[in-house]
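Raw start-v1.txt, compact mmCIF, N, CA and C atoms:
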# COMPACT_ATOMS: atom_id res chain seq x y z
N MET V 22 -19.84 32.64 -28.38
CA MET V 22 -19.43 31.28 -28.08
C MET V 22 -19.88 30.36 -29.20
N ILE V 23 -19.07 29.42 -29.48
CA ILE V 23 -19.33 28.49 -30.58
C ILE V 23 -19.61 27.12 -29.99
N GLY V 24 -20.70 26.44 -30.43
CA GLY V 24 -20.99 25.10 -29.93
C GLY V 24 -19.90 24.13 -30.38
N GLU V 25 -19.65 23.14 -29.58
CA GLU V 25 -18.58 22.20 -29.88
C GLU V 25 -19.05 20.77 -29.68
N ARG V 26 -18.39 19.86 -30.35
CA ARG V 26 -18.68 18.44 -30.20
C ARG V 26 -18.55 18.06 -28.73
N GLY V 27 -19.42 17.20 -28.24
CA GLY V 27 -19.36 16.75 -26.86
C GLY V 27 -20.20 17.59 -25.93
N GLY V 28 -20.91 18.58 -26.45
CA GLY V 28 -21.81 19.34 -25.60
C GLY V 28 -21.13 20.47 -24.86
N GLY V 29 -19.81 20.56 -24.89
CA GLY V 29 -19.12 21.65 -24.20
C GLY V 29 -19.18 22.90 -25.06
N LEU V 30 -18.73 24.00 -24.51
CA LEU V 30 -18.71 25.24 -25.25
C LEU V 30 -17.27 25.69 -25.39
N ARG V 31 -16.97 26.29 -26.52
CA ARG V 31 -15.62 26.79 -26.73
C ARG V 31 -15.70 28.30 -26.78
N MET V 32 -14.79 28.92 -26.12
CA MET V 32 -14.75 30.38 -26.11
C MET V 32 -14.16 30.85 -27.44
N GLY V 33 -14.34 32.12 -27.75
CA GLY V 33 -13.79 32.69 -28.97
C GLY V 33 -12.29 32.89 -28.83
N ALA V 34 -11.77 33.98 -29.40
CA ALA V 34 -10.33 34.23 -29.43
C ALA V 34 -9.75 34.39 -28.02
N ALA V 35 -10.47 35.02 -27.13
CA ALA V 35 -9.96 35.22 -25.76
C ALA V 35 -9.79 33.87 -25.06
N GLY V 36 -10.75 32.97 -25.22
CA GLY V 36 -10.66 31.65 -24.60
C GLY V 36 -9.52 30.85 -25.18
N GLU V 37 -9.30 30.96 -26.48
CA GLU V 37 -8.20 30.26 -27.11
C GLU V 37 -6.86 30.80 -26.61
N GLN V 38 -6.80 32.13 -26.39
CA GLN V 38 -5.58 32.72 -25.86
C GLN V 38 -5.30 32.20 -24.45
N ASP V 39 -6.35 32.07 -23.62
CA ASP V 39 -6.18 31.52 -22.28
C ASP V 39 -5.61 30.11 -22.37
N HIS V 40 -6.13 29.33 -23.33
CA HIS V 40 -5.65 27.94 -23.48
C HIS V 40 -4.18 27.93 -23.88
N GLN V 41 -3.80 28.82 -24.79
CA GLN V 41 -2.42 28.86 -25.23
C GLN V 41 -1.49 29.27 -24.10
N ASP V 42 -1.95 30.16 -23.25
CA ASP V 42 -1.13 30.59 -22.11
C ASP V 42 -1.06 29.52 -21.04
N GLY V 43 -1.96 28.52 -21.09
CA GLY V 43 -1.96 27.46 -20.10
C GLY V 43 -2.74 27.82 -18.85
N GLU V 44 -3.40 28.97 -18.83
CA GLU V 44 -4.17 29.39 -17.66
C GLU V 44 -5.65 29.19 -17.93
N GLY V 45 -6.36 28.76 -16.90
CA GLY V 45 -7.80 28.65 -17.02
C GLY V 45 -8.29 27.31 -17.56
N TRP V 46 -7.39 26.42 -17.96
CA TRP V 46 -7.79 25.15 -18.52
C TRP V 46 -7.06 24.03 -17.81
N LEU V 47 -7.74 22.92 -17.60
CA LEU V 47 -7.17 21.78 -16.87
C LEU V 47 -7.21 20.53 -17.73
N THR V 48 -6.21 19.69 -17.59
CA THR V 48 -6.20 18.40 -18.27
C THR V 48 -7.10 17.43 -17.50
N LYS V 49 -7.37 16.30 -18.10
CA LYS V 49 -8.20 15.29 -17.44
C LYS V 49 -7.56 14.81 -16.15
N ALA V 50 -6.23 14.69 -16.12
CA ALA V 50 -5.52 14.26 -14.91
C ALA V 50 -5.70 15.28 -13.79
N GLU V 51 -5.69 16.56 -14.14
CA GLU V 51 -5.87 17.61 -13.13
C GLU V 51 -7.32 17.61 -12.61
N VAL V 52 -8.27 17.36 -13.51
CA VAL V 52 -9.67 17.29 -13.09
C VAL V 52 -9.87 16.10 -12.15
N ARG V 53 -9.21 14.97 -12.41
CA ARG V 53 -9.29 13.80 -11.52
C ARG V 53 -8.87 14.14 -10.10
N GLU V 54 -7.85 14.98 -9.98
CA GLU V 54 -7.39 15.38 -8.65
C GLU V 54 -8.43 16.25 -7.93
N ILE V 55 -9.15 17.06 -8.69
CA ILE V 55 -10.15 17.95 -8.09
C ILE V 55 -11.45 17.20 -7.81
N TRP V 56 -11.76 16.19 -8.63
CA TRP V 56 -12.97 15.39 -8.47
C TRP V 56 -12.60 13.95 -8.07
N PRO V 57 -12.07 13.70 -6.90
CA PRO V 57 -11.70 12.32 -6.54
C PRO V 57 -12.91 11.41 -6.37
N GLN V 58 -14.10 11.98 -6.19
CA GLN V 58 -15.30 11.17 -6.01
C GLN V 58 -15.80 10.58 -7.32
N ILE V 59 -15.28 11.07 -8.45
CA ILE V 59 -15.76 10.64 -9.77
C ILE V 59 -14.79 9.63 -10.36
N ARG V 60 -15.33 8.56 -10.90
CA ARG V 60 -14.50 7.53 -11.55
C ARG V 60 -13.80 8.16 -12.76
N PRO V 61 -12.52 7.82 -12.97
CA PRO V 61 -11.77 8.42 -14.08
C PRO V 61 -12.45 8.23 -15.44
N ILE V 62 -13.09 7.10 -15.64
CA ILE V 62 -13.73 6.84 -16.92
C ILE V 62 -14.97 7.72 -17.14
N SER V 63 -15.48 8.32 -16.06
CA SER V 63 -16.71 9.11 -16.14
C SER V 63 -16.47 10.62 -16.15
N ILE V 64 -15.24 11.07 -16.12
CA ILE V 64 -14.95 12.51 -16.03
C ILE V 64 -15.58 13.27 -17.19
N THR V 65 -15.39 12.79 -18.40
CA THR V 65 -15.92 13.51 -19.57
C THR V 65 -17.45 13.58 -19.53
N ALA V 66 -18.10 12.48 -19.17
CA ALA V 66 -19.57 12.47 -19.11
C ALA V 66 -20.10 13.39 -18.02
N VAL V 67 -19.45 13.39 -16.86
CA VAL V 67 -19.89 14.27 -15.76
C VAL V 67 -19.67 15.72 -16.15
N ALA V 68 -18.54 16.02 -16.79
CA ALA V 68 -18.28 17.39 -17.24
C ALA V 68 -19.35 17.84 -18.23
N ARG V 69 -19.70 16.97 -19.16
CA ARG V 69 -20.71 17.31 -20.16
C ARG V 69 -22.08 17.51 -19.50
N ALA V 70 -22.44 16.63 -18.57
CA ALA V 70 -23.74 16.72 -17.92
C ALA V 70 -23.87 17.97 -17.05
N ASN V 71 -22.74 18.50 -16.59
CA ASN V 71 -22.77 19.68 -15.71
C ASN V 71 -22.29 20.94 -16.41
N SER V 72 -22.30 20.93 -17.74
CA SER V 72 -21.99 22.09 -18.58
C SER V 72 -20.62 22.70 -18.32
N VAL V 73 -19.63 21.85 -18.14
CA VAL V 73 -18.26 22.34 -18.02
C VAL V 73 -17.75 22.64 -19.43
N ARG V 74 -17.21 23.84 -19.63
CA ARG V 74 -16.70 24.22 -20.94
C ARG V 74 -15.42 23.43 -21.25
N THR V 75 -15.30 23.02 -22.51
CA THR V 75 -14.12 22.28 -22.94
C THR V 75 -13.49 23.00 -24.11
N SER V 76 -12.23 22.69 -24.34
CA SER V 76 -11.52 23.27 -25.47
C SER V 76 -11.04 22.14 -26.36
N ALA V 77 -11.17 22.35 -27.66
CA ALA V 77 -10.74 21.34 -28.62
C ALA V 77 -9.27 21.49 -28.98
N ALA V 78 -8.64 22.56 -28.52
CA ALA V 78 -7.22 22.76 -28.82
C ALA V 78 -6.41 21.64 -28.18
N PRO V 79 -5.30 21.26 -28.76
CA PRO V 79 -4.50 20.16 -28.18
C PRO V 79 -4.11 20.46 -26.74
N SER V 80 -4.20 19.45 -25.90
CA SER V 80 -3.86 19.65 -24.49
C SER V 80 -2.34 19.68 -24.33
N PRO V 81 -1.86 20.25 -23.23
CA PRO V 81 -0.40 20.36 -23.02
C PRO V 81 0.31 19.01 -23.00
N ASP V 82 -0.38 17.92 -22.62
CA ASP V 82 0.29 16.62 -22.57
C ASP V 82 0.21 15.88 -23.91
N LEU V 83 -0.22 16.57 -24.97
CA LEU V 83 -0.26 16.07 -26.34
C LEU V 83 -1.21 14.90 -26.57
N THR V 84 -2.15 14.68 -25.66
CA THR V 84 -3.18 13.68 -25.91
C THR V 84 -4.30 14.34 -26.68
N ARG V 85 -5.22 13.57 -27.17
CA ARG V 85 -6.35 14.14 -27.89
C ARG V 85 -7.51 14.46 -26.93
N GLU V 86 -7.27 14.33 -25.64
CA GLU V 86 -8.30 14.62 -24.65
C GLU V 86 -8.59 16.12 -24.64
N PRO V 87 -9.84 16.49 -24.44
CA PRO V 87 -10.14 17.92 -24.31
C PRO V 87 -9.60 18.45 -22.99
N THR V 88 -9.45 19.76 -22.90
CA THR V 88 -9.11 20.38 -21.63
C THR V 88 -10.39 21.02 -21.10
N TYR V 89 -10.44 21.19 -19.79
CA TYR V 89 -11.66 21.63 -19.12
C TYR V 89 -11.44 22.99 -18.47
N HIS V 90 -12.44 23.86 -18.53
CA HIS V 90 -12.34 25.20 -17.96
C HIS V 90 -12.24 25.10 -16.44
N ALA V 91 -11.18 25.68 -15.88
CA ALA V 91 -10.86 25.53 -14.45
C ALA V 91 -11.97 26.05 -13.54
N ALA V 92 -12.54 27.21 -13.87
CA ALA V 92 -13.59 27.77 -13.00
C ALA V 92 -14.82 26.87 -13.00
N ASP V 93 -15.18 26.32 -14.17
CA ASP V 93 -16.32 25.42 -14.24
C ASP V 93 -16.06 24.14 -13.44
N VAL V 94 -14.85 23.61 -13.53
CA VAL V 94 -14.50 22.39 -12.81
C VAL V 94 -14.61 22.62 -11.31
N ARG V 95 -14.10 23.74 -10.84
CA ARG V 95 -14.17 24.04 -9.39
C ARG V 95 -15.60 24.26 -8.93
N HIS V 96 -16.41 24.90 -9.78
CA HIS V 96 -17.82 25.10 -9.44
C HIS V 96 -18.55 23.75 -9.31
N VAL V 97 -18.29 22.86 -10.25
CA VAL V 97 -18.93 21.54 -10.20
C VAL V 97 -18.39 20.74 -9.01
N ALA V 98 -17.12 20.92 -8.65
CA ALA V 98 -16.57 20.22 -7.48
C ALA V 98 -17.33 20.61 -6.22
N ALA V 99 -17.66 21.88 -6.10
CA ALA V 99 -18.45 22.33 -4.94
C ALA V 99 -19.85 21.73 -4.99
N ARG V 100 -20.44 21.67 -6.19
CA ARG V 100 -21.78 21.08 -6.32
C ARG V 100 -21.75 19.58 -6.03
N ILE V 101 -20.66 18.88 -6.42
CA ILE V 101 -20.53 17.45 -6.11
C ILE V 101 -20.47 17.26 -4.59
N ALA V 102 -19.69 18.11 -3.93
CA ALA V 102 -19.56 18.01 -2.47
C ALA V 102 -20.89 18.23 -1.76
N ARG V 103 -21.72 19.12 -2.31
CA ARG V 103 -23.05 19.37 -1.72
C ARG V 103 -24.10 18.36 -2.17
N GLY V 104 -23.75 17.52 -3.14
CA GLY V 104 -24.70 16.53 -3.66
C GLY V 104 -25.67 17.11 -4.66
N GLU V 105 -25.36 18.25 -5.26
CA GLU V 105 -26.25 18.92 -6.20
C GLU V 105 -25.88 18.69 -7.67
N ALA V 106 -24.72 18.13 -7.93
CA ALA V 106 -24.27 17.96 -9.31
C ALA V 106 -25.02 16.81 -9.98
N ASP V 107 -25.06 16.86 -11.29
CA ASP V 107 -25.70 15.81 -12.08
C ASP V 107 -24.71 14.67 -12.26
N VAL V 108 -24.73 13.71 -11.32
CA VAL V 108 -23.80 12.57 -11.33
C VAL V 108 -24.60 11.30 -11.07
N ALA V 109 -24.52 10.35 -11.98
CA ALA V 109 -25.19 9.06 -11.79
C ALA V 109 -24.45 8.26 -10.72
N PRO V 110 -25.15 7.40 -9.98
CA PRO V 110 -24.49 6.62 -8.93
C PRO V 110 -23.30 5.79 -9.43
N TRP V 111 -23.41 5.22 -10.62
CA TRP V 111 -22.32 4.39 -11.13
C TRP V 111 -21.11 5.21 -11.53
N GLN V 112 -21.27 6.55 -11.66
CA GLN V 112 -20.14 7.41 -12.03
C GLN V 112 -19.32 7.82 -10.81
N ARG V 113 -19.86 7.60 -9.63
CA ARG V 113 -19.15 7.97 -8.40
C ARG V 113 -18.19 6.85 -7.99
N ALA V 114 -16.99 7.22 -7.63
CA ALA V 114 -15.99 6.24 -7.22
C ALA V 114 -16.30 5.67 -5.84
N ASP V 115 -17.09 6.38 -5.06
CA ASP V 115 -17.37 5.95 -3.69
C ASP V 115 -18.74 5.28 -3.53
N SER V 116 -19.38 4.91 -4.64
CA SER V 116 -20.71 4.32 -4.56
C SER V 116 -20.64 2.79 -4.57
N ASP V 117 -21.72 2.16 -4.11
CA ASP V 117 -21.81 0.70 -4.14
C ASP V 117 -21.79 0.19 -5.58
N ALA V 118 -22.44 0.94 -6.48
CA ALA V 118 -22.48 0.53 -7.89
C ALA V 118 -21.08 0.49 -8.48
N ALA V 119 -20.24 1.45 -8.14
CA ALA V 119 -18.87 1.46 -8.66
C ALA V 119 -18.07 0.31 -8.08
N ARG V 120 -18.27 0.01 -6.80
CA ARG V 120 -17.55 -1.11 -6.20
C ARG V 120 -18.00 -2.43 -6.81
N ASP V 121 -19.29 -2.58 -7.09
CA ASP V 121 -19.79 -3.80 -7.70
C ASP V 121 -19.27 -3.96 -9.12
N ASP V 122 -19.04 -2.82 -9.78
CA ASP V 122 -18.60 -2.83 -11.17
C ASP V 122 -17.10 -3.07 -11.31
N ALA V 123 -16.39 -2.94 -10.21
CA ALA V 123 -14.94 -3.11 -10.27
C ALA V 123 -14.60 -4.53 -10.70
N THR V 124 -13.68 -4.63 -11.61
CA THR V 124 -13.30 -5.94 -12.09
C THR V 124 -12.13 -6.47 -11.28
N PRO V 125 -12.15 -7.73 -10.94
CA PRO V 125 -11.03 -8.28 -10.18
C PRO V 125 -9.78 -8.40 -11.05
N ALA V 126 -8.66 -8.48 -10.41
CA ALA V 126 -7.40 -8.63 -11.14
C ALA V 126 -7.38 -10.00 -11.81
N PRO V 127 -6.66 -10.12 -12.90
CA PRO V 127 -6.59 -11.43 -13.57
C PRO V 127 -5.92 -12.44 -12.65
N PRO V 128 -6.33 -13.70 -12.75
CA PRO V 128 -5.74 -14.72 -11.87
C PRO V 128 -4.26 -14.91 -12.17
N VAL V 129 -3.53 -15.22 -11.13
CA VAL V 129 -2.10 -15.47 -11.29
C VAL V 129 -1.93 -16.88 -11.83
N ARG V 130 -1.23 -17.00 -12.92
CA ARG V 130 -1.05 -18.30 -13.56
C ARG V 130 0.12 -19.02 -12.90
N GLN V 131 -0.15 -20.22 -12.45
CA GLN V 131 0.88 -21.02 -11.80
C GLN V 131 1.68 -21.78 -12.86
N PRO V 132 3.00 -21.82 -12.72
CA PRO V 132 3.80 -22.56 -13.71
C PRO V 132 3.53 -24.06 -13.61
N VAL V 133 3.58 -24.73 -14.75
CA VAL V 133 3.36 -26.17 -14.78
C VAL V 133 4.68 -26.85 -14.41
N GLY V 134 4.60 -27.75 -13.48
CA GLY V 134 5.81 -28.45 -13.05
C GLY V 134 5.64 -29.95 -13.17
N TRP V 135 6.65 -30.68 -12.73
CA TRP V 135 6.63 -32.14 -12.77
C TRP V 135 6.24 -32.69 -11.42
N GLY V 136 5.49 -31.96 -10.65
CA GLY V 136 5.12 -32.36 -9.30
C GLY V 136 4.13 -33.50 -9.25
N PRO V 137 3.78 -33.93 -8.04
CA PRO V 137 2.90 -35.08 -7.86
C PRO V 137 1.50 -34.90 -8.44
N GLU V 138 1.06 -33.67 -8.61
CA GLU V 138 -0.29 -33.47 -9.16
C GLU V 138 -0.36 -33.83 -10.64
N ASN V 139 0.77 -33.93 -11.32
CA ASN V 139 0.79 -34.27 -12.74
C ASN V 139 1.09 -35.74 -13.01
N VAL V 140 1.37 -36.55 -11.98
CA VAL V 140 1.75 -37.95 -12.17
C VAL V 140 0.66 -38.76 -12.90
N PRO V 141 -0.62 -38.66 -12.53
CA PRO V 141 -1.63 -39.45 -13.26
C PRO V 141 -1.67 -39.13 -14.76
N GLY V 142 -1.53 -37.88 -15.11
CA GLY V 142 -1.52 -37.51 -16.53
C GLY V 142 -0.30 -38.04 -17.25
N LEU V 143 0.84 -38.00 -16.58
CA LEU V 143 2.06 -38.52 -17.19
C LEU V 143 1.99 -40.03 -17.39
N ILE V 144 1.40 -40.75 -16.44
CA ILE V 144 1.23 -42.20 -16.58
C ILE V 144 0.33 -42.51 -17.77
N LEU V 145 -0.77 -41.78 -17.90
CA LEU V 145 -1.68 -41.98 -19.02
C LEU V 145 -0.98 -41.70 -20.35
N LEU V 146 -0.20 -40.65 -20.40
CA LEU V 146 0.53 -40.32 -21.62
C LEU V 146 1.52 -41.43 -21.97
N ALA V 147 2.23 -41.96 -20.98
CA ALA V 147 3.19 -43.05 -21.22
C ALA V 147 2.48 -44.29 -21.75
N ILE V 148 1.31 -44.59 -21.21
CA ILE V 148 0.55 -45.76 -21.67
C ILE V 148 0.12 -45.58 -23.12
N ILE V 149 -0.38 -44.42 -23.47
CA ILE V 149 -0.84 -44.16 -24.85
C ILE V 149 0.32 -44.25 -25.83
N VAL V 150 1.44 -43.62 -25.50
CA VAL V 150 2.61 -43.69 -26.38
C VAL V 150 3.09 -45.13 -26.51
N GLY V 151 3.12 -45.88 -25.40
CA GLY V 151 3.54 -47.28 -25.43
C GLY V 151 2.64 -48.12 -26.32
N LEU V 152 1.33 -47.93 -26.23
CA LEU V 152 0.40 -48.70 -27.07
C LEU V 152 0.59 -48.37 -28.55
N ILE V 153 0.84 -47.13 -28.87
CA ILE V 153 1.06 -46.76 -30.27
C ILE V 153 2.32 -47.43 -30.80
N LEU V 154 3.40 -47.36 -30.03
CA LEU V 154 4.65 -47.98 -30.47
C LEU V 154 4.52 -49.50 -30.56
N TRP V 155 3.84 -50.12 -29.62
CA TRP V 155 3.65 -51.57 -29.63
C TRP V 155 2.83 -51.98 -30.85
N GLY V 156 1.79 -51.18 -31.16
CA GLY V 156 0.95 -51.49 -32.32
C GLY V 156 1.73 -51.37 -33.62
N LEU V 157 2.65 -50.45 -33.73
CA LEU V 157 3.43 -50.30 -34.95
C LEU V 157 4.49 -51.39 -35.12
N THR V 158 4.98 -51.95 -34.03
CA THR V 158 6.07 -52.92 -34.12
C THR V 158 5.62 -54.37 -33.96
N SER V 159 4.36 -54.63 -33.68
CA SER V 159 3.92 -56.01 -33.48
C SER V 159 3.94 -56.76 -34.81
N PRO V 160 4.22 -58.08 -34.80
CA PRO V 160 4.36 -58.86 -36.03
C PRO V 160 3.05 -59.02 -36.80
N ASP V 161 1.90 -58.83 -36.19
CA ASP V 161 0.63 -59.08 -36.90
C ASP V 161 0.17 -57.89 -37.72
N ASN V 162 0.98 -56.87 -37.83
CA ASN V 162 0.53 -55.73 -38.65
C ASN V 162 1.05 -55.81 -40.08
N HIS V 163 1.59 -56.97 -40.44
CA HIS V 163 2.03 -57.28 -41.79
C HIS V 163 3.08 -56.30 -42.32
N GLY V 164 3.99 -55.96 -41.47
CA GLY V 164 5.15 -55.18 -41.90
C GLY V 164 4.85 -53.70 -42.13
N THR V 165 3.91 -53.14 -41.42
CA THR V 165 3.57 -51.74 -41.62
C THR V 165 4.77 -50.83 -41.41
N VAL V 166 5.55 -51.09 -40.37
CA VAL V 166 6.68 -50.21 -40.09
C VAL V 166 7.73 -50.36 -41.18
N THR V 167 8.01 -51.61 -41.61
CA THR V 167 9.03 -51.82 -42.62
C THR V 167 8.62 -51.19 -43.95
N ASN V 168 7.37 -51.34 -44.34
CA ASN V 168 6.91 -50.72 -45.58
C ASN V 168 6.89 -49.20 -45.46
N PHE V 169 6.64 -48.73 -44.31
CA PHE V 169 6.57 -47.29 -44.10
C PHE V 169 7.98 -46.68 -44.19
N VAL V 170 8.98 -47.40 -43.61
CA VAL V 170 10.34 -46.86 -43.60
C VAL V 170 10.96 -46.94 -44.98
N ARG V 171 10.72 -48.02 -45.74
CA ARG V 171 11.32 -48.17 -47.07
C ARG V 171 10.68 -47.28 -48.01
Starting from the file, lay out its structure as structure tokens.
Amino acid sequence: MIGERGGGLRMGAAGEQDHQDGEGWLTKAEVREIWPQIRPISITAVARANSVRTSAAPSPDLTREPTYHAADVRHVAARIARGEADVAPWQRADSDAARDDATPAPPVRQPVGWGPENVPGLILLAIIVGLILWGLTSPDNHGTVTNFVR
């Protein structure tokens, strides 16, 4: 066996042949189905902590995600069910820590309309524009507008 990045182990030629045949290896999506108690973002860390073998060969869905040895995944699933697996509380989907960590959905943005809630702002805007125009056209500004236009 050859050590591999991420703490997993890669099998020699026989293990690679199993991966090419598509037997014995699971994608991350398949592992999620077997480990519903684990948060999707924590699958790789839980697999590493529980010595699940991984393969660096490209996965069938063409992502760069490693594939996981099926027998190891099923063994860890049984250990998770018994509470014996190495899983931090925040990695569990059913824990209080995971629920507290859940981010709320972004707020729904309400369209801006010409309704009554905008009337005070519109009145203020009209006053400011009126004062600017009055200041430019008043006779005591010594012909600012006329000099500006010419």
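A straight line drawn from atom N of Arg60 (chain V) to atom C of Thr48 (chain V) is 13.8 Å long.
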Q | Atom-to-atom span, CA of Asp93 (chain V) and CA of Ser72 (chain V), Å | A | 7.9 Å
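With only C-alpha atoms as the basis for measurement, V:Asp115 is the residue among V:Asp107, V:Glu138, V:Asp115, V:Glu86 that approaches Gln58 (chain V) most closely.
Between atom N of Ala91 (chain V) and atom C of Leu47 (chain V) the interatomic distance comes to 6.8 Å.
When only C-alpha atoms are used to measure the gap to Ile101 (chain V), the shortest distance among V:Ser116, V:Asn71, V:Gln131, V:Thr88 belongs to V:Asn71.
Among the candidates V:Glu105, V:Lys49, V:Ile149, V:Pro132, the one nearest to Ile64 (chain V) when counting all atoms listed in the file is V:Lys49.
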Q) Pick from V:Gly151, V:Pro57, V:Gly45, V:Gly156: nearest to Ala102 (chain V), with only C-alpha atoms counted? A) V:Pro57
Q. Smallest atom-to-atom distance to His90 (chain V): which of V:Ala50, V:Val73, V:Ile62, V:Ala147, using all atoms listed in the file?
A. V:Val73
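Residues within 10 Å of Val108 (chain V), counting only C-alpha atoms and excluding same-chain residues fewer than 2 positions away, are V:Ile59, V:Ser63, V:Ala66, V:Val67, V:Ala68, V:Ala70, V:Asn71, V:Ile101, V:Gly104, V:Glu105, V:Ala106, V:Pro110, V:Trp111, V:Gln112, V:Arg113.
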Q: From a DSSP pass on the backbone, collect the residues of region 40-76 of chain V flagged as strand (DSSP E) and hand them back as a count of residues only.
A: 4
Starting from the incomplete input, reconstruct N, CA, C and O atoms of region 59-76 of chain V and write that as a short mmCIF file (atom, residue, chain, number, x, y, z; two decimals), in the coordinates of the input.
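Contents of rebuild-v3.cif, freshly written:
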data_model
loop_
_atom_site.label_atom_id
_atom_site.label_comp_id
_atom_site.auth_asym_id
_atom_site.auth_seq_id
_atom_site.Cartn_x
_atom_site.Cartn_y
_atom_site.Cartn_z
N ILE V 59 -15.28 11.07 -8.45
CA ILE V 59 -15.76 10.64 -9.77
C ILE V 59 -14.79 9.63 -10.36
O ILE V 59 -13.58 9.82 -10.31
N ARG V 60 -15.33 8.56 -10.90
CA ARG V 60 -14.50 7.53 -11.55
C ARG V 60 -13.80 8.16 -12.76
O ARG V 60 -14.39 8.93 -13.50
N PRO V 61 -12.52 7.82 -12.97
CA PRO V 61 -11.77 8.42 -14.08
C PRO V 61 -12.45 8.23 -15.44
O PRO V 61 -12.41 9.13 -16.28
N ILE V 62 -13.09 7.10 -15.64
CA ILE V 62 -13.73 6.84 -16.92
C ILE V 62 -14.97 7.72 -17.14
O ILE V 62 -15.43 7.90 -18.25
N SER V 63 -15.48 8.32 -16.06
CA SER V 63 -16.71 9.11 -16.14
C SER V 63 -16.47 10.62 -16.15
O SER V 63 -17.43 11.38 -16.20
N ILE V 64 -15.24 11.07 -16.12
CA ILE V 64 -14.95 12.51 -16.03
C ILE V 64 -15.58 13.27 -17.19
O ILE V 64 -16.23 14.28 -16.99
N THR V 65 -15.39 12.79 -18.40
CA THR V 65 -15.92 13.51 -19.57
C THR V 65 -17.45 13.58 -19.53
O THR V 65 -18.03 14.63 -19.79
N ALA V 66 -18.10 12.48 -19.17
CA ALA V 66 -19.57 12.47 -19.11
C ALA V 66 -20.10 13.39 -18.02
O ALA V 66 -21.09 14.11 -18.22
N VAL V 67 -19.45 13.39 -16.86
CA VAL V 67 -19.89 14.27 -15.76
C VAL V 67 -19.67 15.72 -16.15
O VAL V 67 -20.52 16.59 -15.89
N ALA V 68 -18.54 16.02 -16.79
CA ALA V 68 -18.28 17.39 -17.24
C ALA V 68 -19.35 17.84 -18.23
O ALA V 68 -19.88 18.95 -18.12
N ARG V 69 -19.70 16.97 -19.16
CA ARG V 69 -20.71 17.31 -20.16
C ARG V 69 -22.08 17.51 -19.50
O ARG V 69 -22.79 18.47 -19.81
N ALA V 70 -22.44 16.63 -18.57
CA ALA V 70 -23.74 16.72 -17.92
C ALA V 70 -23.87 17.97 -17.05
O ALA V 70 -24.97 18.45 -16.81
N ASN V 71 -22.74 18.50 -16.59
CA ASN V 71 -22.77 19.68 -15.71
C ASN V 71 -22.29 20.94 -16.41
O ASN V 71 -21.93 21.93 -15.75
N SER V 72 -22.30 20.93 -17.74
CA SER V 72 -21.99 22.09 -18.58
C SER V 72 -20.62 22.70 -18.32
O SER V 72 -20.46 23.92 -18.29
N VAL V 73 -19.63 21.85 -18.14
CA VAL V 73 -18.26 22.34 -18.02
C VAL V 73 -17.75 22.64 -19.43
O VAL V 73 -17.85 21.80 -20.32
N ARG V 74 -17.21 23.84 -19.63
CA ARG V 74 -16.70 24.22 -20.94
C ARG V 74 -15.42 23.43 -21.25
O ARG V 74 -14.61 23.20 -20.36
N THR V 75 -15.30 23.02 -22.51
CA THR V 75 -14.12 22.28 -22.94
C THR V 75 -13.49 23.00 -24.11
O THR V 75 -14.13 23.79 -24.79
N SER V 76 -12.23 22.69 -24.34
CA SER V 76 -11.52 23.27 -25.47
C SER V 76 -11.04 22.14 -26.36
O SER V 76 -10.54 21.13 -25.89
#
